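**Q** input_27.pdb is reproduced in full below (PDB, C-alpha atoms).
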ATOM      1  CA  MET S   1     -31.962  29.517   0.186
ATOM      2  CA  PRO S   2     -30.679  26.127  -1.080
ATOM      3  CA  GLU S   3     -27.480  24.665   0.318
ATOM      4  CA  ARG S   4     -26.059  24.067  -3.143
ATOM      5  CA  TYR S   5     -26.722  24.410  -6.825
ATOM      6  CA  PHE S   6     -26.953  21.386  -9.085
ATOM      7  CA  SER S   7     -25.242  21.396 -12.456
ATOM      8  CA  VAL S   8     -27.560  20.438 -15.297
ATOM      9  CA  LEU S   9     -26.663  19.461 -18.840
ATOM     10  CA  LEU S  10     -29.735  20.058 -21.009
ATOM     11  CA  ILE S  11     -29.486  18.226 -24.323
ATOM     12  CA  SER S  12     -32.154  19.309 -26.802
ATOM     13  CA  SER S  13     -32.247  19.978 -30.517
ATOM     14  CA  SER S  14     -35.195  22.297 -29.934
ATOM     15  CA  PHE S  15     -34.084  25.786 -28.985
ATOM     16  CA  THR S  16     -37.655  26.605 -27.938
ATOM     17  CA  PHE S  17     -37.742  23.627 -25.546
ATOM     18  CA  SER S  18     -34.329  24.515 -24.062
ATOM     19  CA  THR S  19     -35.183  28.159 -23.476
ATOM     20  CA  LYS S  20     -38.542  27.258 -21.893
ATOM     21  CA  ILE S  21     -36.833  24.842 -19.487
ATOM     22  CA  LYS S  22     -34.096  27.331 -18.658
ATOM     23  CA  LYS S  23     -36.634  30.115 -18.082
ATOM     24  CA  ALA S  24     -38.863  27.853 -15.967
ATOM     25  CA  LEU S  25     -35.933  26.962 -13.710
ATOM     26  CA  GLU S  26     -34.223  30.359 -13.479
ATOM     27  CA  PHE S  27     -35.142  30.818  -9.789
ATOM     28  CA  GLU S  28     -34.451  27.206  -8.827
ATOM     29  CA  PRO S  29     -31.103  25.782  -7.621
ATOM     30  CA  TYR S  30     -29.987  24.576 -11.061
ATOM     31  CA  ASP S  31     -27.061  25.824 -13.131
ATOM     32  CA  ILE S  32     -28.076  24.883 -16.680
ATOM     33  CA  HIS S  33     -25.731  24.338 -19.623
ATOM     34  CA  MET S  34     -27.526  23.821 -22.970
ATOM     35  CA  ILE S  35     -26.288  21.846 -25.985
ATOM     36  CA  ASP S  36     -28.075  20.397 -28.995
ATOM     37  CA  THR S  37     -26.553  16.990 -29.858
ATOM     38  CA  ILE S  38     -25.526  13.731 -28.207
ATOM     39  CA  GLN S  39     -22.052  13.994 -29.766
ATOM     40  CA  LYS S  40     -21.480  17.353 -28.070
ATOM     41  CA  ALA S  41     -22.800  15.892 -24.822
ATOM     42  CA  LYS S  42     -20.360  12.971 -25.001
ATOM     43  CA  ARG S  43     -17.422  15.299 -25.613
ATOM     44  CA  LEU S  44     -18.491  17.623 -22.816
ATOM     45  CA  LEU S  45     -18.963  14.754 -20.338
ATOM     46  CA  LEU S  46     -15.361  13.677 -20.934
ATOM     47  CA  GLU S  47     -14.265  17.048 -19.558
ATOM     48  CA  GLN S  48     -16.849  17.736 -16.887
ATOM     49  CA  ASP S  49     -19.397  15.971 -14.670
ATOM     50  CA  TYR S  50     -22.974  17.128 -14.267
ATOM     51  CA  ASP S  51     -25.377  16.328 -11.456
ATOM     52  CA  ILE S  52     -28.346  16.037 -13.801
ATOM     53  CA  LEU S  53     -28.787  15.274 -17.484
ATOM     54  CA  ILE S  54     -32.029  16.381 -19.130
ATOM     55  CA  ILE S  55     -32.460  14.788 -22.546
ATOM     56  CA  ASN S  56     -35.183  15.923 -24.923
ATOM     57  CA  SER S  57     -35.690  12.963 -27.257
ATOM     58  CA  PRO S  58     -35.435  12.797 -30.220
ATOM     59  CA  LEU S  59     -32.334  14.802 -31.053
ATOM     60  CA  ILE S  60     -30.984  15.652 -34.503
ATOM     61  CA  ASP S  61     -28.193  13.072 -34.248
ATOM     62  CA  ASP S  62     -29.807  10.360 -32.104
ATOM     63  CA  MET S  63     -32.908   9.352 -30.162
ATOM     64  CA  GLY S  64     -30.910   9.772 -26.947
ATOM     65  CA  ILE S  65     -32.222   6.553 -25.386
ATOM     66  CA  ASP S  66     -28.999   4.512 -25.680
ATOM     67  CA  PHE S  67     -27.004   7.507 -24.486
ATOM     68  CA  ALA S  68     -29.296   7.841 -21.445
ATOM     69  CA  ILE S  69     -28.841   4.131 -20.664
ATOM     70  CA  GLU S  70     -25.028   4.393 -21.014
ATOM     71  CA  GLU S  71     -24.993   7.299 -18.577
ATOM     72  CA  GLY S  72     -27.456   5.508 -16.284
ATOM     73  CA  ILE S  73     -25.142   2.482 -16.117
ATOM     74  CA  LYS S  74     -22.297   4.767 -14.997
ATOM     75  CA  ASP S  75     -24.552   5.823 -12.098
ATOM     76  CA  ILE S  76     -23.017   9.293 -11.997
ATOM     77  CA  SER S  77     -25.780  11.705 -12.911
ATOM     78  CA  GLY S  78     -29.486  11.859 -12.333
ATOM     79  CA  ILE S  79     -31.191  11.538 -15.710
ATOM     80  CA  LEU S  80     -34.500  12.987 -16.856
ATOM     81  CA  LEU S  81     -35.633  11.859 -20.288
ATOM     82  CA  PHE S  82     -38.391  13.743 -22.127
ATOM     83  CA  ILE S  83     -40.111  11.556 -24.702
ATOM     84  CA  ASN S  84     -43.114  11.778 -27.001
ATOM     85  CA  SER S  85     -46.245  10.517 -25.248
ATOM     86  CA  ASP S  86     -46.869   7.771 -27.834
ATOM     87  CA  LEU S  87     -43.505   6.173 -26.911
ATOM     88  CA  GLU S  88     -43.664   6.750 -23.167
ATOM     89  CA  PHE S  89     -44.596   3.239 -22.018
ATOM     90  CA  GLU S  90     -42.143   1.501 -24.364
ATOM     91  CA  ILE S  91     -39.217   3.775 -23.452
ATOM     92  CA  TYR S  92     -40.019   3.738 -19.731
ATOM     93  CA  ASN S  93     -39.831  -0.088 -19.721
ATOM     94  CA  LYS S  94     -36.453   0.127 -21.419
ATOM     95  CA  VAL S  95     -34.823   2.695 -19.109
ATOM     96  CA  TYR S  96     -36.356   2.639 -15.632
ATOM     97  CA  GLN S  97     -33.988  -0.057 -14.292
ATOM     98  CA  TYR S  98     -31.097   2.354 -14.877
ATOM     99  CA  GLY S  99     -32.652   4.955 -12.583
ATOM    100  CA  ILE S 100     -33.770   7.139 -15.482
ATOM    101  CA  LEU S 101     -36.905   9.218 -14.963
ATOM    102  CA  THR S 102     -39.141   9.660 -17.991
ATOM    103  CA  LEU S 103     -41.567  12.470 -18.697
ATOM    104  CA  SER S 104     -43.914  12.547 -21.651
ATOM    105  CA  LYS S 105     -44.182  15.679 -23.739
ATOM    106  CA  PRO S 106     -45.827  18.066 -23.338
ATOM    107  CA  SER S 107     -45.344  18.385 -19.591
ATOM    108  CA  THR S 108     -46.022  21.021 -16.962
ATOM    109  CA  TYR S 109     -43.718  23.146 -14.860
ATOM    110  CA  GLY S 110     -44.978  21.420 -11.695
ATOM    111  CA  ILE S 111     -44.177  17.934 -12.983
ATOM    112  CA  LEU S 112     -40.751  19.079 -14.236
ATOM    113  CA  LEU S 113     -39.901  20.639 -10.888
ATOM    114  CA  GLN S 114     -41.155  17.615  -8.948
ATOM    115  CA  SER S 115     -39.049  15.297 -11.135
ATOM    116  CA  LEU S 116     -35.940  17.432 -10.663
ATOM    117  CA  ARG S 117     -36.507  17.518  -6.909
ATOM    118  CA  LEU S 118     -36.712  13.708  -6.899
ATOM    119  CA  LEU S 119     -33.445  13.560  -8.814
ATOM    120  CA  THR S 120     -31.686  16.032  -6.503
ATOM    121  CA  SER S 121     -32.874  14.082  -3.446
ATOM    122  CA  SER S 122     -31.513  10.858  -4.910
ATOM    123  CA  ILE S 123     -28.211  12.571  -5.808
ATOM    124  CA  ILE S 124     -27.782  13.798  -2.234
ATOM    125  CA  LYS S 125     -28.596  10.336  -0.904
ATOM    126  CA  LYS S 126     -26.089   8.728  -3.316
ATOM    127  CA  GLU S 127     -23.402  11.192  -2.217
ATOM    128  CA  ARG S 128     -24.036  10.375   1.451
ATOM    129  CA  LEU S 129     -23.900   6.645   0.755
ATOM    130  CA  TYR S 130     -20.648   7.113  -1.149
ATOM    131  CA  ILE S 131     -19.107   9.034   1.766
ATOM    132  CA  LYS S 132     -20.349   6.400   4.215
ATOM    133  CA  ASN S 133     -18.891   3.647   2.018
ATOM    134  CA  VAL S 134     -15.528   5.430   1.888
ATOM    135  CA  ASP S 135     -15.607   5.777   5.692
ATOM    136  CA  VAL S 136     -16.363   2.067   6.122
ATOM    137  CA  LYS S 137     -13.556   1.098   3.730
ATOM    138  CA  SER S 138     -11.181   3.401   5.592
ATOM    139  CA  LYS S 139     -12.183   1.897   8.945
ATOM    140  CA  LEU S 140     -11.731  -1.645   7.597
ATOM    141  CA  GLU S 141      -8.271  -0.703   6.309
ATOM    142  CA  GLU S 142      -7.351   0.648   9.751
ATOM    143  CA  ILE S 143      -8.549  -2.558  11.431
ATOM    144  CA  LYS S 144      -6.479  -4.601   8.976
ATOM    145  CA  ILE S 145      -3.345  -2.560   9.730
ATOM    146  CA  ILE S 146      -3.881  -2.788  13.505
ATOM    147  CA  ASN S 147      -4.469  -6.560  13.259
ATOM    148  CA  ASN S 148      -1.281  -6.955  11.193
ATOM    149  CA  ALA S 149       0.666  -5.044  13.848
ATOM    150  CA  LYS S 150      -0.821  -7.233  16.593
ATOM    151  CA  LEU S 151       0.149 -10.391  14.688
ATOM    152  CA  LEU S 152       3.719  -9.133  14.380
ATOM    153  CA  LEU S 153       3.837  -8.363  18.116
ATOM    154  CA  ILE S 154       2.442 -11.811  18.939
ATOM    155  CA  GLU S 155       4.977 -13.465  16.651
ATOM    156  CA  HIS S 156       8.073 -11.448  17.640
ATOM    157  CA  LYS S 157       7.389 -10.693  21.308
ATOM    158  CA  HIS S 158       5.668 -14.032  22.043
ATOM    159  CA  ILE S 159       2.684 -12.378  23.721
ATOM    160  CA  SER S 160      -1.083 -12.963  23.609
ATOM    161  CA  GLU S 161      -3.526 -10.999  21.436
ATOM    162  CA  ASP S 162      -4.833  -9.152  24.522
ATOM    163  CA  GLU S 163      -1.277  -8.191  25.476
ATOM    164  CA  ALA S 164      -0.578  -7.028  21.921
ATOM    165  CA  HIS S 165      -3.754  -4.931  22.040
ATOM    166  CA  ARG S 166      -2.753  -3.355  25.371
ATOM    167  CA  TYR S 167       0.780  -2.771  24.070
ATOM    168  CA  LEU S 168      -0.577  -0.804  21.095
ATOM    169  CA  GLU S 169      -2.933   1.255  23.264
ATOM    170  CA  LYS S 170      -0.251   2.019  25.887
ATOM    171  CA  LYS S 171       2.324   3.005  23.296
ATOM    172  CA  ALA S 172      -0.248   5.255  21.565
ATOM    173  CA  MET S 173      -1.056   6.960  24.904
ATOM    174  CA  ASP S 174       2.588   7.292  25.948
ATOM    175  CA  LEU S 175       3.647   8.802  22.629
ATOM    176  CA  ARG S 176       0.401  10.788  22.191
ATOM    177  CA  LYS S 177      -0.231   9.243  18.780
ATOM    178  CA  ASN S 178      -3.231   7.375  17.438
ATOM    179  CA  LYS S 179      -3.267   3.580  17.294
ATOM    180  CA  ILE S 180      -3.095   3.440  13.526
ATOM    181  CA  THR S 181       0.135   5.464  13.487
ATOM    182  CA  ILE S 182       1.685   3.180  16.124
ATOM    183  CA  ALA S 183       0.509   0.101  14.198
ATOM    184  CA  LYS S 184       2.151   1.377  10.996
ATOM    185  CA  GLU S 185       5.398   2.086  12.875
ATOM    186  CA  ILE S 186       5.401  -1.441  14.304
ATOM    187  CA  ILE S 187       4.794  -2.948  10.867
ATOM    188  CA  ASP S 188       7.643  -0.844   9.402
ATOM    189  CA  GLU S 189       9.968  -1.789  12.269
ATOM    190  CA  TYR S 190       9.388  -5.542  11.985
ATOM    191  CA  TYR S 191       9.294  -5.465   8.190
ATOM    192  CA  LYS S 192      12.791  -3.910   8.166
ATOM    193  CA  LYS S 193      14.004  -6.529  10.653
ATOM    194  CA  ASP S 194      12.588  -9.338   8.504
ATOM    195  CA  ILE S 195      14.348  -7.985   5.391
ATOM    196  CA  LYS S 196      17.756  -8.054   7.106
TER     197      LYS S 196
END
Can you present the structure in this file as structure tokens?
**A**
Amino acid sequence: MPERYFSVLLISSSFTFSTKIKKALEFEPYDIHMIDTIQKAKRLLLEQDYDILIINSPLIDDMGIDFAIEEGIKDISGILLFINSDLEFEIYNKVYQYGILTLSKPSTYGILLQSLRLLTSSIIKKERLYIKNVDVKSKLEEIKIINNAKLLLIEHKHISEDEAHRYLEKKAMDLRKNKITIAKEIIDEYYKKDIK
């Protein structure tokens, strides 16, 4: 059983194509929403995010290539672009640098599933990298706050950096608080003194 389901926006002007894709993936971990134009897709994407966009080019209102590139630049969704086989090489060269996968039509269930699995793997990896990046930014912010508190202690108490470091650690232990909380309290305390 999969850990999660992936939301899929399937954009195709061909009802036959859409129903075949939906039927082929009914036992896979994909929650598929079907629409038939790029304009509807744009409106829908203003309201809701999707993990994967499947675009069956051409559509009745657009080829879908520029739309795929716009979404690829945003780097939000995994994108799978179905294109006619005679245009495959040309379109691939236009879109691959945006992380867009291309499949020529007609395709097989196996190739579709393999492509979607590649996209879901890359989505999971992107999510992990995003979380890691947020953690790193958070850690850097904490270091900045602690360093600011140390500088204030050095300046106002006329102590060394090592002494300021020990002061923060001791106060955190004595008050059973973490160092970041103590650092913020020190910054607030000296900031108020400096204002007066």
**Q** Under the rule that only C-alpha atoms are counted, which of S:Lys150, S:Lys22, S:His33, S:Arg176 is the nearest residue to S:Tyr190?
**A** S:Lys150
**Q** Looking at all atoms listed in the file, which of S:Asp61, S:Asp75, S:Asp36, S:Glu70 is the one that sits closest to S:Ser122?
**A** S:Asp75
**Q** Smallest atom-to-atom distance to S:Ser138: which of S:Ile180, S:Ile111, S:Leu25, S:Ile69, using only C-alpha atoms?
**A** S:Ile180
**Q** Atom CA of S:Ile35 and atom CA of S:Leu116 are how many Å apart?
**A** 18.6 Å
**Q** Evaluating the PyMOL selection byres ((chain S and resi 109) around 10) on the displayed file yields which residues, as a PDB file with C-alpha atoms, in the frame of the given file?
**A**
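This is the output file selection_2.pdb:
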ATOM      1  CA  LYS S  20     -38.542  27.258 -21.893  1.00  0.00           C
ATOM      2  CA  ILE S  21     -36.833  24.842 -19.487  1.00  0.00           C
ATOM      3  CA  ALA S  24     -38.863  27.853 -15.967  1.00  0.00           C
ATOM      4  CA  LEU S  25     -35.933  26.962 -13.710  1.00  0.00           C
ATOM      5  CA  SER S 107     -45.344  18.385 -19.591  1.00  0.00           C
ATOM      6  CA  THR S 108     -46.022  21.021 -16.962  1.00  0.00           C
ATOM      7  CA  GLY S 110     -44.978  21.420 -11.695  1.00  0.00           C
ATOM      8  CA  ILE S 111     -44.177  17.934 -12.983  1.00  0.00           C
ATOM      9  CA  LEU S 112     -40.751  19.079 -14.236  1.00  0.00           C
ATOM     10  CA  LEU S 113     -39.901  20.639 -10.888  1.00  0.00           C
ATOM     11  CA  GLN S 114     -41.155  17.615  -8.948  1.00  0.00           C
ATOM     12  CA  SER S 115     -39.049  15.297 -11.135  1.00  0.00           C
TER      13      SER S 115
END
**Q** What do you get, as a ChimeraX atom specification, if you spell out every residue that the PyMOL selection byres ((chain S and resi 40) around 12) selects here?
**A** /S:9-13,33-39,41-47,59-62,67
**Q** So the first atom is atom CA of S:Ile73 and the second is atom CA of S:Tyr30; what is the distance between them in Å, to one decimal place?
**A**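 Between these atoms lies a distance of 23.2 Å.
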**Q** Could you write out as a PyMOL selection string the residues that the PyMOL selection byres ((chain S and resi 179) around 12) matches in the shown file?
**A** chain S and resi 142-143+145-147+149-150+164-178+180-186
**Q** Do you have the atom CA of S:Thr102-atom CA of S:Gln48 distance handy?
**A**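 Interatomic distance, atom CA of S:Thr102 to atom CA of S:Gln48: 23.7 Å.
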**Q** Considering all atoms listed in the file, can you say which of S:Gln97, S:Thr19, S:Ser77, S:Ser14 comes closest to S:Pro58?
**A**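 Using all atoms listed in the file, S:Pro58 sits closest to S:Ser14.
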**Q** Within 9 Å of S:Leu81, counting all atoms listed in the file, which residues qualify if same-chain residues fewer than 6 places away don't, as a ChimeraX atom specification?
**A** /S:53-57,64-65,68,100-104
**Q** Identify, on the basis of all atoms listed in the file, every residue whose closest approach to S:Gly78 does not exceed 8 Å; exclude the query and any residue fewer than 6 positions from it along the same chain; express the result as an MDAnalysis selection string.
**A** chainID S and resid 51:53 72 99:100 119:120 122:123
**Q** Check the smallest atom-to-atom distance from each of S:Leu140, S:Ile159, S:Ile32, S:Ile83 to S:Ser7 using only C-alpha atoms, then report the winner.
**A**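 Closest residue, counting only C-alpha atoms: S:Ile32.
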**Q** Closest to S:Arg4 among S:Ile124, S:Lys74, S:Lys23, S:Asp49, using only C-alpha atoms?
**A**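 Going through S:Ile124, S:Lys74, S:Lys23, S:Asp49 one by one, the smallest distance to S:Arg4 is for S:Ile124.
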**Q** Taking all atoms of stretch 144-162 of chain S that the file lists, what box with edges along x, y and z, padded by 5 Å per side, do you get, with centre and edge lengths in Å to one decimal, as JSON?
**A**
{"center_x": 0.8, "center_y": -8.3, "center_z": 16.7, "size_x": 24.6, "size_y": 21.5, "size_z": 25.5}
**Q** Rebuild N, CA, C and O atoms on stretch 115-131 of chain S, as a PDB file, keeping the file's coordinate frame?
**A**
ATOM      1  N   SER S 115     -40.006  16.296 -10.641  1.00  0.00           N
ATOM      2  CA  SER S 115     -39.049  15.297 -11.135  1.00  0.00           C
ATOM      3  C   SER S 115     -37.619  15.693 -10.792  1.00  0.00           C
ATOM      4  O   SER S 115     -36.818  14.859 -10.358  1.00  0.00           O
ATOM      5  N   LEU S 116     -37.290  16.970 -10.987  1.00  0.00           N
ATOM      6  CA  LEU S 116     -35.940  17.432 -10.663  1.00  0.00           C
ATOM      7  C   LEU S 116     -35.669  17.353  -9.167  1.00  0.00           C
ATOM      8  O   LEU S 116     -34.560  17.022  -8.745  1.00  0.00           O
ATOM      9  N   ARG S 117     -36.681  17.633  -8.365  1.00  0.00           N
ATOM     10  CA  ARG S 117     -36.507  17.518  -6.909  1.00  0.00           C
ATOM     11  C   ARG S 117     -36.273  16.066  -6.500  1.00  0.00           C
ATOM     12  O   ARG S 117     -35.477  15.789  -5.609  1.00  0.00           O
ATOM     13  N   LEU S 118     -36.972  15.130  -7.159  1.00  0.00           N
ATOM     14  CA  LEU S 118     -36.712  13.708  -6.899  1.00  0.00           C
ATOM     15  C   LEU S 118     -35.269  13.349  -7.247  1.00  0.00           C
ATOM     16  O   LEU S 118     -34.588  12.645  -6.498  1.00  0.00           O
ATOM     17  N   LEU S 119     -34.823  13.837  -8.399  1.00  0.00           N
ATOM     18  CA  LEU S 119     -33.445  13.560  -8.814  1.00  0.00           C
ATOM     19  C   LEU S 119     -32.432  14.159  -7.842  1.00  0.00           C
ATOM     20  O   LEU S 119     -31.459  13.500  -7.469  1.00  0.00           O
ATOM     21  N   THR S 120     -32.647  15.405  -7.416  1.00  0.00           N
ATOM     22  CA  THR S 120     -31.686  16.032  -6.503  1.00  0.00           C
ATOM     23  C   THR S 120     -31.671  15.309  -5.158  1.00  0.00           C
ATOM     24  O   THR S 120     -30.610  15.127  -4.565  1.00  0.00           O
ATOM     25  N   SER S 121     -32.829  14.857  -4.697  1.00  0.00           N
ATOM     26  CA  SER S 121     -32.874  14.082  -3.446  1.00  0.00           C
ATOM     27  C   SER S 121     -32.084  12.789  -3.584  1.00  0.00           C
ATOM     28  O   SER S 121     -31.335  12.410  -2.680  1.00  0.00           O
ATOM     29  N   SER S 122     -32.245  12.115  -4.720  1.00  0.00           N
ATOM     30  CA  SER S 122     -31.513  10.858  -4.910  1.00  0.00           C
ATOM     31  C   SER S 122     -30.010  11.105  -5.074  1.00  0.00           C
ATOM     32  O   SER S 122     -29.194  10.305  -4.625  1.00  0.00           O
ATOM     33  N   ILE S 123     -29.632  12.227  -5.674  1.00  0.00           N
ATOM     34  CA  ILE S 123     -28.211  12.571  -5.808  1.00  0.00           C
ATOM     35  C   ILE S 123     -27.594  12.789  -4.429  1.00  0.00           C
ATOM     36  O   ILE S 123     -26.516  12.272  -4.121  1.00  0.00           O
ATOM     37  N   ILE S 124     -28.288  13.535  -3.584  1.00  0.00           N
ATOM     38  CA  ILE S 124     -27.782  13.798  -2.234  1.00  0.00           C
ATOM     39  C   ILE S 124     -27.654  12.490  -1.456  1.00  0.00           C
ATOM     40  O   ILE S 124     -26.659  12.255  -0.771  1.00  0.00           O
ATOM     41  N   LYS S 125     -28.649  11.622  -1.600  1.00  0.00           N
ATOM     42  CA  LYS S 125     -28.596  10.336  -0.904  1.00  0.00           C
ATOM     43  C   LYS S 125     -27.420   9.498  -1.411  1.00  0.00           C
ATOM     44  O   LYS S 125     -26.699   8.878  -0.634  1.00  0.00           O
ATOM     45  N   LYS S 126     -27.217   9.470  -2.738  1.00  0.00           N
ATOM     46  CA  LYS S 126     -26.089   8.728  -3.316  1.00  0.00           C
ATOM     47  C   LYS S 126     -24.760   9.256  -2.790  1.00  0.00           C
ATOM     48  O   LYS S 126     -23.856   8.493  -2.483  1.00  0.00           O
ATOM     49  N   GLU S 127     -24.640  10.590  -2.717  1.00  0.00           N
ATOM     50  CA  GLU S 127     -23.402  11.192  -2.217  1.00  0.00           C
ATOM     51  C   GLU S 127     -23.143  10.785  -0.773  1.00  0.00           C
ATOM     52  O   GLU S 127     -22.016  10.469  -0.403  1.00  0.00           O
ATOM     53  N   ARG S 128     -24.191  10.785   0.043  1.00  0.00           N
ATOM     54  CA  ARG S 128     -24.036  10.375   1.451  1.00  0.00           C
ATOM     55  C   ARG S 128     -23.635   8.911   1.554  1.00  0.00           C
ATOM     56  O   ARG S 128     -22.797   8.547   2.380  1.00  0.00           O
ATOM     57  N   LEU S 129     -24.258   8.068   0.740  1.00  0.00           N
ATOM     58  CA  LEU S 129     -23.900   6.645   0.755  1.00  0.00           C
ATOM     59  C   LEU S 129     -22.463   6.440   0.309  1.00  0.00           C
ATOM     60  O   LEU S 129     -21.740   5.605   0.852  1.00  0.00           O
ATOM     61  N   TYR S 130     -22.029   7.217  -0.681  1.00  0.00           N
ATOM     62  CA  TYR S 130     -20.648   7.113  -1.149  1.00  0.00           C
ATOM     63  C   TYR S 130     -19.677   7.490  -0.029  1.00  0.00           C
ATOM     64  O   TYR S 130     -18.700   6.787   0.219  1.00  0.00           O
ATOM     65  N   ILE S 131     -19.960   8.596   0.665  1.00  0.00           N
ATOM     66  CA  ILE S 131     -19.107   9.034   1.766  1.00  0.00           C
ATOM     67  C   ILE S 131     -19.082   7.982   2.867  1.00  0.00           C
ATOM     68  O   ILE S 131     -18.024   7.652   3.410  1.00  0.00           O
TER      69      ILE S 131
END
